[in-house]
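protein.cif follows; it contains mmCIF, C-alpha atoms (C1' of nucleotides).
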```cif
data_work
loop_
_atom_site.label_atom_id
_atom_site.label_comp_id
_atom_site.auth_asym_id
_atom_site.auth_seq_id
_atom_site.Cartn_x
_atom_site.Cartn_y
_atom_site.Cartn_z
CA MET A 1279 0.00 0.00 0.00
CA LEU A 1280 1.10 3.53 -0.69
CA PRO A 1281 1.48 5.72 2.37
CA LYS A 1282 -1.00 8.55 2.78
CA LYS A 1283 1.86 10.93 2.36
CA THR A 1284 2.28 9.68 -1.20
CA LYS A 1285 -1.41 9.95 -1.96
CA TYR A 1286 -1.48 13.47 -0.56
CA ALA A 1287 1.57 14.40 -2.59
CA ILE A 1288 -0.04 13.17 -5.79
CA LYS A 1289 -3.28 15.02 -5.11
CA ALA A 1290 -1.44 18.21 -4.26
CA LEU A 1291 0.65 18.01 -7.41
CA ILE A 1292 -2.46 17.44 -9.50
CA ALA A 1293 -3.98 20.55 -7.95
CA LEU A 1294 -0.86 22.51 -8.85
CA ALA A 1295 -0.83 21.06 -12.35
CA LYS A 1296 -4.38 22.29 -12.90
CA VAL A 1297 -3.27 25.89 -12.44
CA TYR A 1298 0.09 25.48 -14.13
CA TYR A 1299 -0.59 28.12 -16.75
CA ASP A 1300 -1.88 30.70 -14.29
CA LYS A 1301 1.69 31.66 -13.48
CA LYS A 1302 0.89 32.48 -9.90
CA PRO A 1303 1.42 30.35 -6.82
CA LEU A 1304 -1.27 28.37 -5.02
CA ARG A 1305 -1.46 28.66 -1.25
CA ILE A 1306 -1.05 25.63 1.01
CA SER A 1307 -4.30 26.45 2.77
CA LYS A 1308 -6.13 26.46 -0.55
CA ILE A 1309 -4.81 23.03 -1.53
CA SER A 1310 -5.44 21.74 1.96
CA GLU A 1311 -9.10 22.75 1.74
CA THR A 1312 -9.95 21.55 -1.74
CA GLU A 1313 -8.06 18.27 -1.40
CA LYS A 1314 -8.94 17.72 2.26
CA ILE A 1315 -5.36 17.17 3.33
CA PRO A 1316 -4.37 18.05 6.93
CA ARG A 1317 -2.85 21.50 6.70
CA LYS A 1318 0.36 21.03 8.67
CA PHE A 1319 1.07 17.66 7.14
CA LEU A 1320 0.69 19.08 3.66
CA GLU A 1321 3.15 21.80 4.62
CA THR A 1322 5.89 19.28 5.31
CA ILE A 1323 5.04 17.29 2.21
CA LEU A 1324 5.27 20.30 -0.07
CA LEU A 1325 8.50 21.37 1.55
CA GLU A 1326 9.95 17.98 0.78
CA LEU A 1327 8.68 18.10 -2.77
CA ARG A 1328 10.44 21.44 -3.16
CA HIS A 1329 13.70 20.00 -1.88
CA GLN A 1330 13.31 17.25 -4.43
CA GLY A 1331 12.77 19.73 -7.24
CA PHE A 1332 9.14 19.01 -8.05
CA VAL A 1333 7.81 22.39 -7.00
CA GLY A 1334 8.98 25.91 -6.30
CA SER A 1335 7.62 28.31 -3.77
CA LYS A 1336 7.24 31.96 -3.02
CA MET A 1337 7.17 33.32 0.50
CA GLY A 1338 5.16 36.18 1.85
CA VAL A 1339 1.62 37.36 1.56
CA THR A 1340 1.27 36.59 -2.14
CA GLY A 1341 3.16 33.35 -1.71
CA GLY A 1342 2.39 29.73 -2.39
CA TYR A 1343 3.58 26.79 -4.42
CA TYR A 1344 3.87 26.09 -8.13
CA LEU A 1345 5.15 23.22 -10.26
CA SER A 1346 8.75 23.67 -11.26
CA LYS A 1347 8.49 21.20 -14.12
CA HIS A 1348 5.97 20.78 -16.87
CA PRO A 1349 3.10 18.53 -15.72
CA GLU A 1350 3.85 16.20 -18.59
CA GLU A 1351 7.27 15.50 -17.17
CA ILE A 1352 6.11 14.50 -13.70
CA MET A 1353 5.29 10.83 -13.64
CA LEU A 1354 3.47 8.89 -10.95
CA SER A 1355 6.50 6.68 -10.47
CA HIS A 1356 8.60 9.76 -9.66
CA ILE A 1357 6.19 10.99 -7.03
CA ILE A 1358 5.81 7.58 -5.43
CA ARG A 1359 9.54 7.13 -5.15
CA ALA A 1360 10.19 10.64 -3.93
CA THR A 1361 7.73 10.27 -1.10
CA GLY A 1362 9.06 6.99 0.16
CA GLY A 1363 6.66 4.53 -1.36
CA PRO A 1364 8.57 1.62 -2.87
CA ILE A 1365 6.91 0.13 -5.93
CA ALA A 1366 8.27 -3.39 -5.55
CA LEU A 1367 6.60 -5.95 -3.34
CA LEU A 1368 9.88 -7.08 -1.78
CA PRO A 1369 13.09 -5.19 -1.01
CA CYS A 1370 15.16 -7.72 -2.98
CA VAL A 1371 13.63 -6.50 -6.25
CA SER A 1372 13.38 -2.82 -5.42
CA LEU A 1373 15.42 -0.50 -7.62
CA ASN A 1374 15.41 2.35 -5.15
CA PHE A 1375 15.02 0.61 -1.81
CA TYR A 1376 17.04 -2.52 -2.43
CA GLU A 1377 18.05 -4.75 0.45
CA THR A 1378 19.53 -8.20 0.29
CA CYS A 1379 17.20 -10.99 1.30
CA GLU A 1380 19.16 -12.49 4.19
CA GLU A 1381 17.40 -15.81 4.26
CA CYS A 1382 18.07 -16.46 0.57
CA PRO A 1383 21.32 -18.35 -0.01
CA HIS A 1384 21.34 -17.29 -3.69
CA GLU A 1385 19.12 -14.42 -4.60
CA GLU A 1386 19.38 -15.11 -8.32
CA LEU A 1387 18.02 -18.59 -7.77
CA CYS A 1388 14.92 -17.47 -5.91
CA SER A 1389 11.78 -18.20 -7.88
CA LEU A 1390 9.67 -15.93 -5.73
CA ARG A 1391 12.01 -13.10 -6.52
CA GLU A 1392 11.54 -13.73 -10.23
CA VAL A 1393 7.78 -13.48 -10.00
CA VAL A 1394 7.88 -10.41 -7.82
CA LEU A 1395 10.23 -8.87 -10.35
CA GLU A 1396 7.66 -9.48 -13.06
CA VAL A 1397 5.05 -7.73 -10.95
CA ARG A 1398 7.31 -4.76 -10.45
CA GLU A 1399 7.93 -4.46 -14.19
CA ALA A 1400 4.23 -4.58 -14.92
CA SER A 1401 3.43 -1.94 -12.30
CA LEU A 1402 6.27 0.30 -13.31
CA LYS A 1403 5.23 0.14 -16.92
CA ILE A 1404 1.97 1.82 -16.00
CA LEU A 1405 3.22 4.18 -13.31
CA SER A 1406 6.15 5.50 -15.29
CA LYS A 1407 4.09 6.40 -18.33
CA THR A 1408 1.35 8.24 -16.44
CA SER A 1409 2.01 11.96 -15.98
CA LEU A 1410 0.12 14.66 -14.13
CA THR A 1411 -1.23 15.80 -17.47
CA ASP A 1412 -2.52 12.31 -18.15
CA LEU A 1413 -4.30 12.26 -14.82
CA ILE A 1414 -6.02 15.57 -15.49
CA LEU A 1415 -7.12 14.47 -18.95
CA LYS A 1416 -8.37 11.21 -17.53
CA GLU A 1417 -10.44 13.06 -14.97
CA LYS A 1418 -12.01 15.24 -17.62
CA LYS A 1419 -12.88 12.15 -19.59
CA LEU A 1420 -14.48 10.52 -16.56
CA ILE A 1421 -16.59 13.59 -15.87
CA ARG A 1422 -17.67 13.83 -19.53
CA ASN A 1423 -18.78 10.21 -19.49
CA VAL A 1424 -20.96 10.78 -16.45
CA LYS A 1425 -22.70 13.78 -17.97
CA LYS A 1426 -23.65 11.85 -21.08
CA MET B 1182 5.70 -3.91 0.27
CA LEU B 1183 4.67 -7.34 1.43
CA PRO B 1184 5.03 -7.96 5.15
CA LYS B 1185 7.68 -10.43 6.23
CA LYS B 1186 4.91 -12.62 7.49
CA THR B 1187 3.72 -13.06 3.91
CA LYS B 1188 7.18 -13.79 2.61
CA TYR B 1189 7.71 -16.33 5.37
CA ALA B 1190 4.36 -17.93 4.62
CA ILE B 1191 5.23 -18.29 0.94
CA LYS B 1192 8.63 -19.79 1.70
CA ALA B 1193 7.16 -22.20 4.21
CA LEU B 1194 4.47 -23.32 1.80
CA ILE B 1195 7.05 -23.87 -0.92
CA ALA B 1196 9.01 -26.03 1.50
CA LEU B 1197 5.88 -28.06 2.21
CA ALA B 1198 5.07 -28.30 -1.48
CA LYS B 1199 8.48 -29.79 -2.16
CA VAL B 1200 7.69 -32.78 0.05
CA TYR B 1201 4.03 -32.99 -0.93
CA TYR B 1202 4.30 -36.57 -2.20
CA ASP B 1203 6.21 -37.81 0.84
CA LYS B 1204 2.95 -38.19 2.71
CA LYS B 1205 4.50 -37.38 6.04
CA PRO B 1206 4.47 -34.10 7.89
CA LEU B 1207 7.37 -31.66 8.05
CA ARG B 1208 8.34 -30.25 11.44
CA ILE B 1209 8.23 -26.52 12.17
CA SER B 1210 11.81 -26.62 13.40
CA LYS B 1211 12.94 -28.17 10.14
CA ILE B 1212 11.26 -25.48 8.04
CA SER B 1213 12.52 -22.80 10.39
CA GLU B 1214 16.10 -23.97 9.90
CA THR B 1215 16.17 -24.47 6.16
CA GLU B 1216 14.23 -21.30 5.39
CA LYS B 1217 15.80 -19.21 8.16
CA ILE B 1218 12.48 -18.10 9.60
CA PRO B 1219 12.29 -17.27 13.34
CA ARG B 1220 10.94 -20.41 14.95
CA LYS B 1221 8.18 -18.96 17.14
CA PHE B 1222 7.00 -16.59 14.47
CA LEU B 1223 6.74 -19.41 11.97
CA GLU B 1224 4.68 -21.32 14.50
CA THR B 1225 1.99 -18.65 14.56
CA ILE B 1226 2.10 -18.27 10.79
CA LEU B 1227 1.57 -21.97 10.16
CA LEU B 1228 -1.18 -22.06 12.73
CA GLU B 1229 -2.95 -19.30 10.86
CA LEU B 1230 -2.42 -21.03 7.53
CA ARG B 1231 -4.04 -24.10 9.02
CA HIS B 1232 -7.05 -22.12 10.19
CA GLN B 1233 -7.33 -20.78 6.67
CA GLY B 1234 -7.24 -24.25 5.18
CA PHE B 1235 -3.89 -24.13 3.41
CA VAL B 1236 -2.21 -26.76 5.55
CA GLY B 1237 -3.02 -29.57 7.92
CA SER B 1238 -1.05 -30.68 10.93
CA LYS B 1239 -0.34 -33.62 13.10
CA MET B 1240 0.49 -33.29 16.78
CA GLY B 1241 2.88 -35.29 18.84
CA VAL B 1242 6.34 -36.62 18.40
CA THR B 1243 5.86 -37.64 14.77
CA GLY B 1244 3.96 -34.45 14.06
CA GLY B 1245 4.41 -31.57 11.68
CA TYR B 1246 2.68 -29.76 8.85
CA TYR B 1247 1.62 -30.76 5.37
CA LEU B 1248 -0.23 -29.06 2.51
CA SER B 1249 -3.93 -29.74 2.58
CA LYS B 1250 -4.39 -28.79 -1.07
CA HIS B 1251 -2.52 -29.71 -4.17
CA PRO B 1252 0.40 -27.31 -4.73
CA GLU B 1253 -1.02 -26.43 -8.13
CA GLU B 1254 -4.12 -25.03 -6.49
CA ILE B 1255 -2.33 -22.68 -4.12
CA MET B 1256 -1.70 -19.37 -5.86
CA LEU B 1257 0.53 -16.55 -4.71
CA SER B 1258 -2.44 -14.21 -4.63
CA HIS B 1259 -4.18 -16.54 -2.15
CA ILE B 1260 -1.22 -16.60 0.20
CA ILE B 1261 -0.70 -12.85 0.04
CA ARG B 1262 -4.31 -12.17 0.84
CA ALA B 1263 -4.53 -14.75 3.59
CA THR B 1264 -1.56 -13.27 5.40
CA GLY B 1265 -2.76 -9.72 5.34
CA GLY B 1266 -0.84 -8.28 2.44
CA PRO B 1267 -3.16 -6.25 0.23
CA ILE B 1268 -2.24 -6.33 -3.43
CA ALA B 1269 -3.66 -2.94 -4.35
CA LEU B 1270 -1.70 0.27 -3.87
CA LEU B 1271 -4.64 2.12 -2.33
CA PRO B 1272 -7.55 0.91 -0.17
CA CYS B 1273 -10.08 2.43 -2.58
CA VAL B 1274 -9.19 -0.18 -5.22
CA SER B 1275 -8.62 -3.13 -2.96
CA LEU B 1276 -10.95 -6.07 -3.44
CA ASN B 1277 -10.30 -7.57 -0.04
CA PHE B 1278 -9.32 -4.56 2.05
CA TYR B 1279 -11.56 -1.93 0.56
CA GLU B 1280 -12.04 1.41 2.32
CA THR B 1281 -13.69 4.51 0.97
CA CYS B 1282 -11.33 7.33 0.16
CA GLU B 1283 -12.72 10.04 2.42
CA GLU B 1284 -11.16 12.99 0.68
CA CYS B 1285 -12.59 11.99 -2.69
CA PRO B 1286 -15.98 13.57 -3.36
CA HIS B 1287 -16.70 11.03 -6.11
CA GLU B 1288 -14.59 7.94 -6.10
CA GLU B 1289 -15.64 6.95 -9.60
CA LEU B 1290 -14.34 10.24 -10.93
CA CYS B 1291 -10.88 9.90 -9.44
CA SER B 1292 -8.26 9.54 -12.14
CA LEU B 1293 -5.64 8.33 -9.69
CA ARG B 1294 -7.97 5.55 -8.68
CA GLU B 1295 -8.30 4.49 -12.29
CA VAL B 1296 -4.57 4.17 -12.75
CA VAL B 1297 -4.07 2.37 -9.47
CA LEU B 1298 -6.82 0.00 -10.55
CA GLU B 1299 -4.90 -0.76 -13.71
CA VAL B 1300 -1.83 -1.54 -11.63
CA ARG B 1301 -3.80 -3.88 -9.43
CA GLU B 1302 -5.15 -5.74 -12.46
CA ALA B 1303 -1.69 -6.13 -13.90
CA SER B 1304 -0.25 -7.41 -10.62
CA LEU B 1305 -3.13 -9.73 -9.96
CA LYS B 1306 -2.85 -11.21 -13.40
CA ILE B 1307 0.61 -12.48 -12.53
CA LEU B 1308 0.04 -13.36 -8.89
CA SER B 1309 -3.15 -15.28 -9.44
CA LYS B 1310 -1.72 -17.51 -12.14
CA THR B 1311 1.44 -18.47 -10.23
CA SER B 1312 1.09 -21.57 -8.07
CA LEU B 1313 3.45 -23.26 -5.65
CA THR B 1314 4.14 -25.83 -8.36
CA ASP B 1315 5.09 -23.04 -10.75
CA LEU B 1316 7.51 -21.62 -8.22
CA ILE B 1317 9.21 -24.96 -7.71
CA LEU B 1318 9.53 -25.56 -11.44
CA LYS B 1319 10.86 -22.05 -11.90
CA GLU B 1320 13.51 -22.69 -9.27
CA LYS B 1321 14.61 -25.89 -10.95
CA LYS B 1322 14.91 -24.03 -14.22
CA LEU B 1323 17.01 -21.29 -12.60
CA ILE B 1324 19.37 -23.85 -11.11
CA ARG B 1325 19.68 -25.71 -14.42
CA ASN B 1326 20.60 -22.50 -16.19
CA VAL B 1327 23.37 -21.76 -13.74
CA LYS B 1328 24.90 -25.21 -14.12
CA LYS B 1329 25.11 -24.89 -17.88
"C1'" DC C 803 5.37 -42.30 31.79
"C1'" DG C 804 8.34 -38.97 29.16
"C1'" DA C 805 10.17 -36.84 25.24
"C1'" DA C 806 8.98 -34.28 21.36
"C1'" DT C 807 5.80 -32.10 18.93
"C1'" DT C 808 1.84 -28.76 17.74
"C1'" DC C 809 -1.97 -25.52 19.90
"C1'" DC C 810 -3.23 -21.29 21.55
"C1'" DT C 811 -3.60 -16.81 23.86
"C1'" DA C 812 -1.65 -13.00 25.17
"C1'" DG C 813 1.52 -10.34 25.35
"C1'" DT C 814 5.86 -6.92 24.11
"C1'" DA C 815 9.32 -4.41 21.53
"C1'" DA C 816 10.67 -2.09 17.50
"C1'" DA C 817 9.66 0.37 13.54
"C1'" DT C 818 6.88 3.10 10.74
"C1'" DT C 819 3.40 6.35 9.70
"C1'" DA C 820 0.68 10.31 10.40
"C1'" DG C 821 0.33 14.39 12.07
"C1'" DT C 822 1.42 18.70 15.21
"C1'" DA C 823 3.88 22.61 17.61
"C1'" DG C 824 6.21 26.51 17.45
"C1'" DT C 825 9.37 29.78 15.96
"C1'" DA C 826 12.01 31.96 12.17
"C1'" DT C 827 12.02 34.22 7.83
"C1'" DA C 828 10.27 36.43 3.66
"C1'" DT C 829 6.91 39.45 1.02
"C1'" DT C 830 3.38 42.72 0.16
"C1'" DT C 831 0.42 46.41 1.33
"C1'" DG C 832 -1.15 50.51 3.66
"C1'" DC D 1117 8.27 50.74 8.44
"C1'" DA D 1118 4.88 47.96 10.62
"C1'" DA D 1119 1.17 44.66 10.27
"C1'" DA D 1120 -0.58 40.82 8.07
"C1'" DT D 1121 0.05 36.68 5.86
"C1'" DA D 1122 2.69 33.52 3.56
"C1'" DT D 1123 6.33 29.68 3.61
"C1'" DA D 1124 10.79 27.40 6.11
"C1'" DC D 1125 12.36 24.46 9.21
"C1'" DT D 1126 13.28 21.43 13.11
"C1'" DA D 1127 11.81 18.66 16.34
"C1'" DC D 1128 8.57 16.49 18.52
"C1'" DT D 1129 4.46 13.18 19.67
"C1'" DA D 1130 0.77 9.96 19.07
"C1'" DA D 1131 -1.17 6.14 16.82
"C1'" DT D 1132 -0.73 2.15 14.29
"C1'" DT D 1133 1.35 -1.74 12.49
"C1'" DT D 1134 4.74 -5.22 12.27
"C1'" DA D 1135 7.64 -8.62 14.00
"C1'" DC D 1136 8.36 -11.50 17.20
"C1'" DT D 1137 8.28 -14.02 22.04
"C1'" DA D 1138 6.58 -16.35 26.35
"C1'" DG D 1139 4.75 -20.03 28.33
"C1'" DG D 1140 1.70 -23.45 29.40
"C1'" DA D 1141 -1.91 -26.93 27.44
"C1'" DA D 1142 -2.84 -30.79 24.55
"C1'" DT D 1143 -1.38 -34.71 21.69
"C1'" DT D 1144 1.27 -38.64 19.98
"C1'" DC D 1145 4.39 -42.43 20.10
"C1'" DG D 1146 7.68 -45.57 22.02
#
```

Show this structure as structure tokens.
Amino acid sequence: MLPKKTKYAIKALIALAKVYYDKKPLRISKISETEKIPRKFLETILLELRHQGFVGSKMGVTGGYYLSKHPEEIMLSHIIRATGGPIALLPCVSLNFYETCEECPHEELCSLREVVLEVREASLKILSKTSLTDLILKEKKLIRNVKK
Amino acid sequence: MLPKKTKYAIKALIALAKVYYDKKPLRISKISETEKIPRKFLETILLELRHQGFVGSKMGVTGGYYLSKHPEEIMLSHIIRATGGPIALLPCVSLNFYETCEECPHEELCSLREVVLEVREASLKILSKTSLTDLILKEKKLIRNVKK
DNA sequence: CGAATTCCTAGTAAATTAGTAGTATATTTG
DNA sequence: CAAATATACTACTAATTTACTAGGAATTCG
């Protein structure tokens, strides 16, 4: 399961992506309200996302956050990894959170590892091709289909 | 990530599957040693697997555990679910651990949910077609390839 | 009987996750 | 320049989950 932090990060970034062309920052409190994310928690999440280069910020009374990359460039896999959510089911097949499997005498001979590797590839294939832009377009499509 | 409990359960069941045709039970201590699983922890895991119908047991000095289904019938997805590891990345797309996503006004209109659903389908496709027998055959194949 | 095994409940300890507190610093506006 | 309103940052805390253990009861076989 993805941590809430990751889910919040994704939702916040989608909110920022929606106003990408406005060229003015969005306040934390605004995002917190519309996305129903605990205010203070969101603060730390956005700070971290800034340190990781996803967003920029402006201080002061007209301040807020904005995407520092084009929404097409920000992929779900990037956000998940940046906020601590490993994609793999086991550490022994994780690209970014790898750990040796102590109880395995020979990792390369572990059949479970092979299957879990397959699962990671399949998940990554989807997550690394889905951008913030894709998510916004998808949402529009979903809403259109309901109205019909 | 899958909990260690799940990984231990899978490894233990593979060990039992390997002696399926021996028609005599395998002791906890034996499994614990060969698979390097903490003895007492394994005890509770096997007990749970028995309650869930995966294995049977025999008490007493000649006792131990044995598979109560054919190893071809036991799929990775079954084991993962039985030992508490949800397959989905978010509760709102989990079949077995579903929870409403409170901050979503309309779950069906959530684009993130749609993508995460896709990921679940892709993962499940692999996990629900891989049996204990498959894992054992896979391992044999891996070992053969190394020897060549 | 006694040694070796599983059965079972109830814990505990460690790690992780989720969220908060509080002060410092920057920016705009009157 | 001061007040108001943002973010910046560090360091906590509280809740939950995970990983594992203790210890005695019940069972089986020689």

With the file shown as input, list the residues that the PyMOL selection byres ((chain A) within 7 of (chain D)) selects, as a ChimeraX atom specification. /A:1337-1341

Within 7 Å of chain B, which residues belong to chain A? Use only C-alpha atoms and report them as a list in words.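 Going by the stated atoms only, the list reads Met1279, Leu1280, Glu1313, Lys1314, Pro1364, Ala1366, Leu1367, Leu1368, Glu1381, Leu1387, Cys1388, Ser1389, Leu1390, Val1397, Ala1400, Ser1401, Ile1404, Leu1413, Lys1416, Glu1417, Leu1420 and Ile1421 of chain A.
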
I'd like to see the residues matched by the PyMOL selection byres ((chain C) within 7 of (chain A)) on this file, and ideally I'd get them as an NGL selection string. :C and (821 or 828-830)

Can you translate the PyMOL selection byres ((chain A and resi 1348) around 10) into the concrete residues it hits in this file, as an NGL selection string? :A and (1295 or 1298-1299 or 1332 or 1345-1347 or 1349-1352 or 1409-1411)

Contacts of Arg1231 (chain B) at 12 Å (only C-alpha atoms (C1' of nucleotides); same-chain gap of 5+ positions) as JSON, numbers by chain: {"B": [1190, 1194, 1224, 1225, 1226, 1236, 1237, 1238, 1239, 1245, 1246, 1247, 1248, 1249, 1250, 1260, 1263, 1264], "C": [808, 809]}

Write a file of the selected residues as a CSV table (one decimal), in the coordinates of the input, keeping C-alpha atoms (C1' of nucleotides).
```
chain,number,residue,atom,x,y,z
B,1190,ALA,CA,4.4,-17.9,4.6
B,1194,LEU,CA,4.5,-23.3,1.8
B,1224,GLU,CA,4.7,-21.3,14.5
B,1225,THR,CA,2.0,-18.6,14.6
B,1226,ILE,CA,2.1,-18.3,10.8
B,1236,VAL,CA,-2.2,-26.8,5.6
B,1237,GLY,CA,-3.0,-29.6,7.9
B,1238,SER,CA,-1.0,-30.7,10.9
B,1239,LYS,CA,-0.3,-33.6,13.1
B,1245,GLY,CA,4.4,-31.6,11.7
B,1246,TYR,CA,2.7,-29.8,8.8
B,1247,TYR,CA,1.6,-30.8,5.4
B,1248,LEU,CA,-0.2,-29.1,2.5
B,1249,SER,CA,-3.9,-29.7,2.6
B,1250,LYS,CA,-4.4,-28.8,-1.1
B,1260,ILE,CA,-1.2,-16.6,0.2
B,1263,ALA,CA,-4.5,-14.8,3.6
B,1264,THR,CA,-1.6,-13.3,5.4
C,808,DT,C1',1.8,-28.8,17.7
C,809,DC,C1',-2.0,-25.5,19.9
```

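Of note, CA of Ser1258 (chain B) and CA of Leu1395 (chain A) are spaced 14.9 Å apart.
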